[in-house]
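Visitor: Before I ask anything, let me first share the structure, which is written out below as structure tokens.
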2 protein chains.
Amino acid sequence: MDRKDIVETAHEMADAARRAILPLFRGTTLATESKQTGSFDPVTEADRAAERAMRDVLMRRRPDDAVLGEEFGEKRGTSGLTWALDPIDGTRAFLSGTPTWGVLIAAATDTGPVYGLIDQPYIGERFEGGFGAASMTGPNGARRLTTLGDRSLKEAILFTTFPEVGTEAEGEAFQAVSAEVRLTRFGMDCYAYALIAMGQIDLVIEAGLNPYDIQAPIAVIEAAGGIVTDWSGGAAHLGGRVIAAAGRAQHEAALALLARFA
Amino acid sequence: MDRKDIVETAHEMADAARRAILPLFRGTTLATESKQTGSFDPVTEADRAAERAMRDVLMRRRPDDAVLGEEFGEKRGTSGLTWALDPIDGTRAFLSGTPTWGVLIAAATDTGPVYGLIDQPYIGERFEGGFGAASMTGPNGARRLTTLGDRSLKEAILFTTFPEVGTEAEGEAFQAVSAEVRLTRFGMDCYAYALIAMGQIDLVIEAGLNPYDIQAPIAVIEAAGGIVTDWSGGAAHLGGRVIAAAGRAQHEAALALLARFA
């Protein structure tokens, strides 16, 4: 596996996605005008333009790899490597103008992601992990990513995107963990996974995820020292109910509470 | 009233607050080391350092003005102008590492704010409004701020910081509005008010606010064409239960629903 080429390709894809998305974030003149006639949806337009731009990079650089994208589905490959692409994770955040959506890019084998990248184009932050290293670049420059490590639930900060989480049972399971932690916060989409990798928070618990929602976060968080599984402690790269943790202590304590509902 | 001096003073205060806060955001080495011994709280430290830095600017430039700050209380003045300062609005966001907290600076007379500034130091975004103009600077440069104007609740995007909102009755009132809108989102603190001014969202509804939490948002949103009142339609600059709206249509429709609880 050509690690250097995988990493370079991912960055080139993220650069291309930035160029496609940023002109549509927070309504350019064009988008604003068209919104008034109701004929133009800047979120969908940005989503599609970014995935097209990323697929173009892949077709040119790595035509033998498979692709699974949120907007344009599956493309088969022969190399054994599949790219999972979510051009805008957090379309409702994007629509609302909050800078907490992201571009997700992961390269995976059958057993899970080997490399992942989370990009926030407006802030200019990029988080990456895989092949034994995790790092970020942003307004304050570059630095390594390391999770908080073990803390008790009593000390822990927990995130999810919206309070309902998923089904009623999934919401109750989340509440069981939320009741035990120091602080619960909402509304961050993929940015919450980056916060675990940065050593800022302890847990993200979500449900109903697709593979392309979680493969990049898995690669980044695991390379930073964290753990990502499903609610039963199994592999999470196919999506569904997911828990990401800064350390084994938080992971085990939260899994024990989720198990009653899983 | 020397408008130019008020604006320049506010920017100098915001610059000073940035310098005080940014080294403590997301844990410098110092903060991280000290956190491990439990002897150092970077949020409180940043909050106090930023308010001290802002008060120093005021003492030097405008010693006759009054000050009301979150951390160091009231200082009387003789000019008739009072500065309301919240050095970090969104301390829980700051603690969690999300870039959605802000520095709030407002200059007010007895009848309310005449100028306000919302600063997000990490992203490098600054929103200001008053004296007939509203504008922002950020990663994409400078632009004027204009709210969305009138939309129906059915089209509206509603924000608040946390799902409970306040008391049980306040939470029910919020739910009454939330049930009628297109999208409800959480977790943004003062950044949500900036989103109204930017023309991204329609409503922010909160309760239990202090004067220094809301005076800067009032000035910015009103200068951008929006409306900020309490839940009865009265003045909001003393805090409490607050509703901010992008246009009269959303404001009236939401007030009608809140009135049952107000």
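Just so we're on the same page: first chain in the structure tokens is A, next is B, and so on; residues restart at 1 for each chain, and ligands are numbered from 1 in the order they show up.
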Residues of chain B no more than 6 Å from chain A, counting only C-alpha atoms: send them over as a PyMOL selection string.
Guide: chain B and resi 96-97+123+186-187+200-201
Visitor: List every residue of segment 36-255 of chain A that DSSP, applied to the backbone, labels as strand (DSSP E or B), and write the result as JSON, numbers by chain.
Guide: {"A": [66, 67, 68, 69, 73, 74, 75, 82, 83, 84, 85, 86, 87, 88, 89, 102, 103, 104, 105, 106, 107, 108, 109, 112, 113, 114, 115, 116, 117, 118, 119, 120, 125, 126, 127, 128, 129, 130, 133, 134, 135, 136, 137, 138, 141, 142, 143, 144, 157, 158, 159, 160, 183, 184, 185, 186, 203, 204, 205, 206, 207, 208, 209, 227, 228, 229, 230, 240, 241, 242, 243, 244, 245]}
Visitor: Quick one: write out the picked residues with C-alpha atoms as an mmCIF file, in the first residue's frame?
Guide:
data_model
loop_
_atom_site.group_PDB
_atom_site.id
_atom_site.type_symbol
_atom_site.label_atom_id
_atom_site.label_comp_id
_atom_site.auth_asym_id
_atom_site.auth_seq_id
_atom_site.Cartn_x
_atom_site.Cartn_y
_atom_site.Cartn_z
ATOM 1 C CA ALA A 66 -13.329 1.790 -5.214
ATOM 2 C CA VAL A 67 -15.456 4.759 -4.086
ATOM 3 C CA LEU A 68 -18.452 5.008 -1.764
ATOM 4 C CA GLY A 69 -19.861 8.535 -1.721
ATOM 5 C CA GLY A 73 -23.081 6.009 -4.542
ATOM 6 C CA GLU A 74 -20.653 3.167 -5.203
ATOM 7 C CA LYS A 75 -17.966 2.740 -7.825
ATOM 8 C CA THR A 82 -12.262 1.909 -0.946
ATOM 9 C CA TRP A 83 -12.619 5.659 -0.446
ATOM 10 C CA ALA A 84 -15.581 6.707 1.709
ATOM 11 C CA LEU A 85 -16.592 10.311 0.965
ATOM 12 C CA ASP A 86 -19.016 12.630 2.736
ATOM 13 C CA PRO A 87 -18.651 15.967 0.934
ATOM 14 C CA ILE A 88 -20.615 17.887 3.594
ATOM 15 C CA ASP A 89 -21.134 16.099 6.882
ATOM 16 C CA GLY A 102 -16.899 19.111 7.565
ATOM 17 C CA VAL A 103 -15.620 17.213 4.560
ATOM 18 C CA LEU A 104 -14.941 13.550 5.412
ATOM 19 C CA ILE A 105 -12.483 11.455 3.426
ATOM 20 C CA ALA A 106 -11.411 7.930 4.394
ATOM 21 C CA ALA A 107 -9.425 5.178 2.708
ATOM 22 C CA ALA A 108 -10.425 1.702 3.905
ATOM 23 C CA THR A 109 -9.767 -1.962 3.386
ATOM 24 C CA GLY A 112 -11.861 -0.707 8.245
ATOM 25 C CA PRO A 113 -10.245 2.632 7.531
ATOM 26 C CA VAL A 114 -6.447 2.898 7.288
ATOM 27 C CA TYR A 115 -6.414 6.682 6.868
ATOM 28 C CA GLY A 116 -8.943 9.480 7.427
ATOM 29 C CA LEU A 117 -9.221 13.236 7.026
ATOM 30 C CA ILE A 118 -11.733 15.721 8.489
ATOM 31 C CA ASP A 119 -11.643 19.161 6.873
ATOM 32 C CA GLN A 120 -13.390 22.390 7.979
ATOM 33 C CA GLU A 125 -8.771 23.434 9.907
ATOM 34 C CA ARG A 126 -7.743 19.989 8.770
ATOM 35 C CA PHE A 127 -7.471 16.885 10.973
ATOM 36 C CA GLU A 128 -5.894 13.658 9.747
ATOM 37 C CA GLY A 129 -4.980 10.276 11.166
ATOM 38 C CA GLY A 130 -3.682 6.906 10.048
ATOM 39 C CA ALA A 133 0.183 9.365 13.218
ATOM 40 C CA ALA A 134 -2.513 11.967 13.900
ATOM 41 C CA SER A 135 -2.153 15.693 13.356
ATOM 42 C CA MET A 136 -3.996 18.907 12.560
ATOM 43 C CA THR A 137 -3.377 22.212 10.843
ATOM 44 C CA GLY A 138 -5.406 25.354 11.524
ATOM 45 C CA GLY A 141 -0.467 26.244 12.876
ATOM 46 C CA ALA A 142 0.222 22.515 12.958
ATOM 47 C CA ARG A 143 0.219 20.133 15.889
ATOM 48 C CA ARG A 144 -0.069 16.483 16.813
ATOM 49 C CA ILE A 157 -17.748 15.913 28.299
ATOM 50 C CA LEU A 158 -20.243 14.189 25.971
ATOM 51 C CA PHE A 159 -21.395 15.373 22.536
ATOM 52 C CA THR A 160 -24.044 14.361 20.045
ATOM 53 C CA LEU A 183 -21.372 18.173 30.589
ATOM 54 C CA THR A 184 -23.468 17.278 27.521
ATOM 55 C CA ARG A 185 -23.371 19.464 24.415
ATOM 56 C CA PHE A 186 -25.153 19.363 21.061
ATOM 57 C CA LEU A 203 -17.298 11.007 24.242
ATOM 58 C CA VAL A 204 -19.428 11.244 21.105
ATOM 59 C CA ILE A 205 -22.475 8.969 20.910
ATOM 60 C CA GLU A 206 -24.607 8.854 17.771
ATOM 61 C CA ALA A 207 -26.982 6.518 15.932
ATOM 62 C CA GLY A 208 -28.113 5.962 12.355
ATOM 63 C CA LEU A 209 -24.723 6.723 10.823
ATOM 64 C CA ILE A 227 -11.478 4.232 20.610
ATOM 65 C CA VAL A 228 -14.448 4.030 18.227
ATOM 66 C CA THR A 229 -16.882 1.093 18.289
ATOM 67 C CA ASP A 230 -20.561 0.368 17.905
ATOM 68 C CA GLY A 240 -25.163 2.511 12.711
ATOM 69 C CA ARG A 241 -24.914 3.161 16.449
ATOM 70 C CA VAL A 242 -21.476 4.560 17.221
ATOM 71 C CA ILE A 243 -19.543 5.568 20.335
ATOM 72 C CA ALA A 244 -16.193 7.361 20.168
ATOM 73 C CA ALA A 245 -14.129 7.777 23.322
#
Visitor: I need the residue nearest Val7 of chain B from this list: B:Phe131, B:Phe25, B:Ala49, B:Asp110. Use only C-alpha atoms for the distance.
Guide: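 When distances to Val7 of chain B are compared using only C-alpha atoms, the smallest one comes from B:Phe131.
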Visitor: Quick one: pull the distance between atom CA of Ala197 of chain B and atom CA of Ala17 of chain A, Å, one decimal.
Guide: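 One can read the atom CA of Ala197 of chain B to atom CA of Ala17 of chain A distance as 27.2 Å.
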Visitor: From the list A:Glu45, A:Asp15, A:Glu180, A:Glu51, which residue is nearest Gln250 of chain A when using only C-alpha atoms?
Guide: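 Residue with the minimum atom-to-atom distance to Gln250 of chain A: A:Glu180.
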Visitor: Grab the atom CA of Pro217 of chain A to atom CA of Gly247 of chain A distance for me, in Å with one decimal place.
Guide: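 A separation of 15.0 Å between them.
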Visitor: Any idea what's packed within 9 Å of Leu58 of chain B, counting only C-alpha atoms, ignoring anything in its chain fewer than 4 positions away? Could you give it as a PyMOL selection string?
Guide: chain B and resi 9-10+13+53-54+62-65+67+83
Visitor: I need the residues of segment 54-126 of chain B that end up classed as alpha helix (DSSP H) by DSSP on the backbone, written out as a PyMOL selection string.
Guide: chain B and resi 54-61+91-96
Visitor: Go ahead and save the residues from that selection, with all heavy atoms, as a tab-separated table (two decimals), in the first residue's frame.
Guide:
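Wrote it out as again.tsv, contents follow:
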chain	number	residue	atom	x	y	z
B	54	MET	N	-9.60	44.32	28.82
B	54	MET	CA	-10.58	45.26	28.26
B	54	MET	C	-10.77	46.46	29.18
B	54	MET	O	-10.88	47.60	28.73
B	54	MET	CB	-11.91	44.54	28.01
B	54	MET	CG	-11.82	43.51	26.88
B	54	MET	SD	-13.44	42.92	26.30
B	54	MET	CE	-13.88	41.79	27.61
B	55	ARG	N	-10.81	46.22	30.51
B	55	ARG	CA	-10.96	47.32	31.46
B	55	ARG	C	-9.75	48.25	31.42
B	55	ARG	O	-9.87	49.46	31.60
B	55	ARG	CB	-11.18	46.79	32.88
B	55	ARG	CG	-12.60	46.25	33.10
B	55	ARG	CD	-12.74	45.63	34.48
B	55	ARG	NE	-14.06	45.06	34.67
B	55	ARG	CZ	-15.05	45.64	35.37
B	55	ARG	NH1	-14.87	46.81	35.94
B	55	ARG	NH2	-16.22	45.04	35.48
B	56	ASP	N	-8.56	47.67	31.19
B	56	ASP	CA	-7.36	48.51	31.08
B	56	ASP	C	-7.48	49.47	29.90
B	56	ASP	O	-7.12	50.65	30.03
B	56	ASP	CB	-6.11	47.63	30.89
B	56	ASP	CG	-5.71	46.92	32.18
B	56	ASP	OD1	-6.27	47.26	33.24
B	56	ASP	OD2	-4.85	46.02	32.11
B	57	VAL	N	-7.98	48.98	28.77
B	57	VAL	CA	-8.17	49.85	27.60
B	57	VAL	C	-9.15	50.97	27.95
B	57	VAL	O	-8.91	52.15	27.65
B	57	VAL	CB	-8.68	49.03	26.39
B	57	VAL	CG1	-9.06	49.97	25.23
B	57	VAL	CG2	-7.64	48.01	25.95
B	58	LEU	N	-10.26	50.62	28.61
B	58	LEU	CA	-11.27	51.63	28.96
B	58	LEU	C	-10.73	52.67	29.93
B	58	LEU	O	-10.97	53.87	29.77
B	58	LEU	CB	-12.49	50.95	29.59
B	58	LEU	CG	-13.51	50.38	28.60
B	58	LEU	CD1	-14.63	49.67	29.37
B	58	LEU	CD2	-14.08	51.48	27.71
B	59	MET	N	-9.98	52.22	30.94
B	59	MET	CA	-9.44	53.15	31.93
B	59	MET	C	-8.51	54.17	31.27
B	59	MET	O	-8.44	55.32	31.68
B	59	MET	CB	-8.67	52.38	33.01
B	59	MET	CG	-9.54	51.77	34.08
B	59	MET	SD	-10.50	53.04	35.00
B	59	MET	CE	-9.18	53.72	36.05
B	60	ARG	N	-7.77	53.71	30.28
B	60	ARG	CA	-6.83	54.58	29.58
B	60	ARG	C	-7.55	55.51	28.60
B	60	ARG	O	-7.29	56.71	28.59
B	60	ARG	CB	-5.79	53.71	28.84
B	60	ARG	CG	-4.73	54.50	28.09
B	60	ARG	CD	-3.54	53.61	27.70
B	60	ARG	NE	-3.91	52.28	27.26
B	60	ARG	CZ	-4.43	52.01	26.05
B	60	ARG	NH1	-4.64	52.97	25.19
B	60	ARG	NH2	-4.73	50.77	25.71
B	61	ARG	N	-8.48	54.95	27.83
B	61	ARG	CA	-9.10	55.74	26.75
B	61	ARG	C	-10.34	56.51	27.17
B	61	ARG	O	-10.62	57.58	26.65
B	61	ARG	CB	-9.48	54.81	25.58
B	61	ARG	CG	-8.29	54.27	24.82
B	61	ARG	CD	-8.75	53.59	23.53
B	61	ARG	NE	-9.40	54.52	22.63
B	61	ARG	CZ	-9.18	54.58	21.32
B	61	ARG	NH1	-8.33	53.76	20.74
B	61	ARG	NH2	-9.83	55.45	20.56
B	91	THR	N	-18.76	29.76	28.11
B	91	THR	CA	-17.59	29.14	28.74
B	91	THR	C	-17.60	27.62	28.57
B	91	THR	O	-16.55	27.01	28.50
B	91	THR	CB	-17.51	29.48	30.24
B	91	THR	OG1	-18.78	29.25	30.84
B	91	THR	CG2	-17.12	30.93	30.46
B	92	ARG	N	-18.80	27.02	28.47
B	92	ARG	CA	-18.83	25.57	28.27
B	92	ARG	C	-18.40	25.19	26.86
B	92	ARG	O	-17.79	24.15	26.64
B	92	ARG	CB	-20.23	25.02	28.60
B	92	ARG	CG	-20.45	24.99	30.11
B	92	ARG	CD	-21.85	24.56	30.49
B	92	ARG	NE	-22.82	25.61	30.16
B	92	ARG	CZ	-24.08	25.63	30.57
B	92	ARG	NH1	-24.53	24.64	31.34
B	92	ARG	NH2	-24.90	26.60	30.24
B	93	ALA	N	-18.70	26.06	25.89
B	93	ALA	CA	-18.20	25.86	24.52
B	93	ALA	C	-16.67	25.99	24.52
B	93	ALA	O	-15.97	25.17	23.92
B	93	ALA	CB	-18.81	26.88	23.58
B	94	PHE	N	-16.17	26.99	25.22
B	94	PHE	CA	-14.72	27.22	25.32
B	94	PHE	C	-14.04	26.00	25.93
B	94	PHE	O	-13.04	25.49	25.39
B	94	PHE	CB	-14.48	28.45	26.19
B	94	PHE	CG	-13.04	28.89	26.30
B	94	PHE	CD1	-12.53	29.87	25.45
B	94	PHE	CD2	-12.20	28.33	27.24
B	94	PHE	CE1	-11.20	30.27	25.55
B	94	PHE	CE2	-10.88	28.72	27.35
B	94	PHE	CZ	-10.38	29.70	26.50
B	95	LEU	N	-14.60	25.53	27.03
B	95	LEU	CA	-14.06	24.35	27.72
B	95	LEU	C	-14.04	23.14	26.81
B	95	LEU	O	-13.11	22.32	26.85
B	95	LEU	CB	-14.95	24.06	28.95
B	95	LEU	CG	-14.65	22.84	29.79
B	95	LEU	CD1	-13.40	23.07	30.62
B	95	LEU	CD2	-15.83	22.52	30.71
B	96	SER	N	-15.05	23.00	25.95
B	96	SER	CA	-15.16	21.86	25.05
B	96	SER	C	-14.33	22.02	23.79
B	96	SER	O	-14.21	21.09	22.99
B	96	SER	CB	-16.63	21.66	24.64
B	96	SER	OG	-17.47	21.57	25.76
Visitor: List the spatial neighbours of Ile214 of chain B as a list of chain:residue names - criterion: any atom at most 8 Å away, only C-alpha atoms, same-chain residues fewer than 4 positions off excluded.
Guide: B:Leu209, B:Asn210, B:Ile218, B:Ala236, B:His237, B:Leu238, B:Gly239
Visitor: Between A:Pro211, A:Arg3, A:Leu255, A:Lys154, single out the one closest to Phe174 of chain A, counting only C-alpha atoms.
Guide: A:Leu255
Visitor: Using only C-alpha atoms, which of the listed residues (A:Ala169, A:Ala16, A:Leu24, A:Val220) sits closest to Ala246 of chain A?
Guide: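 Using only C-alpha atoms, Ala246 of chain A sits closest to A:Val220.
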Visitor: Go through A:Val181, A:Ala235, A:Ile221, A:Cys190 and flag the residue nearest Ala254 of chain A, using only C-alpha atoms for the distances.
Guide: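 Smallest separation from Ala254 of chain A among the options: A:Val181.
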